[in-house]
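S.K.: Sharing a structure here in structure tokens format.
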Amino acid sequence: MLRCDIITLFPDLIQPVLGQSMLKRAQEKGLLEARVHNLRDYTEGRHLVADDTPYGGGAGMVMKAEPVFRAVEALRRQHGESGASLRLLLPSPQGRPFTQRLAEEFRDERRRLVFVCGHYEGIDERVRIGLEPEEVSVGDYVLTGGELPALVMIDAAVRLIPGVLGDPESAERDSFAESLLDYPHYTRPAELRGLPVPEVLLSGNHEAIRLWRRKEALRSTYWKRPDLLQDRSLTDEDRRLIEEIVEEGTREASFAKRLS
């Protein structure tokens with residue numbers, strides 16, 4: 001089971017997603033335990049203030065550190081005084097990149113994953129200094145808060161848990177599951193607006209279909225994300241298919257040049 005806690009100022013951003021589709025089914029099957037904690041429950045005063053103006057001036061507001069400390073300390077008391085049973089995570093563009101490999105690591109994690117979701121201009125730096133969370137980034141861009149990245153990471157990890165997906169092979173075939181992009185997918189009808197499904201997929205020839213899918217996965221990776229192939233150990237079949245892909249691409253480029 002994947003167990004996670006999400007500390008946020010905006011629980012209504014989290015709850016609807018957890019209550020839908022795969023994440024809902026995972027919880028119903030006992031494969032995911034996800035708890036959302038409203039950071040305002042750990043503030044003081046009747047106004048439940050969780051942010052303040054930045055020292056030194058500047059635009060925007062900064063999330064106060066003390067409510068975050070209280071929230072994390074409450075979870076530590078609940079799940080182990082030392083905090084050893086918790087893995088504290090801070091979604092941040094400054095963090096290590098979130099990858100499929102890290103999703104697999106989260107899936108296998110025996111500790112509770114605790115996501116601290118920042119908002120506004122950020123969190124008081126003393127949260128990083130005092131709690132030493134792992135910073136994890138879902139991309140080189142800035143979002144309004146950490147809620148969406150936390151959901152992305154949970155979703156990516158949960159789909160890898162056996163029993164969550166209807167077809168256990170789905171996760172194995174996903175893009176990046178073996179450092180390759182996915183092959184194209186088609187369903188009925190066999191022709192749509194003059195665009196037919198590749199004949200090989202209608203042939204019933206399982207070996208031909210397997211080979212086509214492998215080649216298309218390699219084609220997508222070669223042209224869109226060649227960096228994924230750099231450190232990959234390729235089979236003889238993969239190398240042969242890539243040679244065909246390069247040759248086909250050269251022919252297409254030459255033909256297009258003649259037409260221009």
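Residues in the structure tokens are named by chain (A, B, ... in the order shown) and by number from 1 within that chain; ligands are numbered from 1 in the order shown.
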Please provide as an MDAnalysis selection string all residues within 12 Å of range 52-67 of chain A, with the sequence filter that same-chain residues fewer than 6 positions apart are discarded (counting only C-alpha atoms).
M.R.: chainID A and resid 7:9 37:45 73:74 116:131 144:145
S.K.: Please extract the residues of range 15-230 of chain A with a backbone DSSP assignment of strand (DSSP E) and present them as JSON, numbers by chain.
M.R.: {"A": [32, 33, 34, 35, 36, 37, 38, 51, 52, 62, 63, 86, 87, 88, 89, 90, 91, 92, 93, 94, 95, 96, 97, 112, 113, 114, 115, 116, 134, 135, 136, 137, 191, 192, 195, 196]}
S.K.: Go through A:Pro11, A:Pro97, A:Gly204, A:Gly249 and flag the residue nearest Leu148 in chain A, using only C-alpha atoms for the distances.
M.R.: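 Result for the nearest residue to Leu148 in chain A: A:Pro11.
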S.K.: Please identify the helix (DSSP H, G or I) residues within range 23-235 of chain A (assignment by DSSP from backbone atoms) and present them as a ChimeraX atom specification.
M.R.: /A:23-28,39-42,65-79,100-107,126-131,147-158,169-173,199-202,206-224,226-229
S.K.: Rounded to one decimal place, report the CA of Glu199 in chain A-CA of Trp212 in chain A distance in Å.
M.R.: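 Answer for the CA of Glu199 in chain A to CA of Trp212 in chain A separation: 10.6 Å.
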S.K.: Restricting the calculation to only C-alpha atoms, which member of A:Glu178, A:Glu33, A:Glu237, A:Glu135 is positioned closest to Arg3 in chain A?
M.R.: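 The shortest atom-to-atom distance to Arg3 in chain A comes from A:Glu33.
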S.K.: Of the candidates A:Val36, A:Lys224, A:Gln20, A:Pro184, which one gets nearest to Leu75 in chain A if we count only C-alpha atoms?
M.R.: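 Comparing A:Val36, A:Lys224, A:Gln20, A:Pro184 against Leu75 in chain A, the winner is A:Val36.
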S.K.: How many Å separate CA of Ala150 in chain A from CA of Glu134 in chain A?
M.R.: 12.6 Å
S.K.: Would you please work out which residue, of A:Met153, A:Ile14, A:Leu234, A:Val200, is nearest to Gly139 in chain A when using only C-alpha atoms?
M.R.: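 With only C-alpha atoms as the atom set, the closest residue is A:Met153.
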S.K.: Tell me, in Å to one decimal, how far CA of Asp231 in chain A is from CA of Ile154 in chain A.
M.R.: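 Result for CA of Asp231 in chain A versus CA of Ile154 in chain A: 27.4 Å, one decimal.
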S.K.: Just the residues within 12 Å of His185 in chain A, please, counting only C-alpha atoms, with nothing from its chain fewer than 2 positions along; format it as a PyMOL selection string.
M.R.: chain A and resi 173-174+182-183+187-188+197-198+201+209+212-213+216-217
S.K.: Could you check the closest approach to Ser21 in chain A for each of A:Met1, A:Val158, A:Arg76, A:Pro91 and tell me which residue wins, using only C-alpha atoms?
M.R.: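 For Ser21 in chain A, the nearest of the candidates is A:Val158.
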S.K.: With only C-alpha atoms as the basis for distance, which of A:Arg219, A:Tyr141, A:Gly163, A:Phe69 is at the shortest distance from Lys29 in chain A?
M.R.: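 Among the listed residues, A:Gly163 lies closest to Lys29 in chain A.
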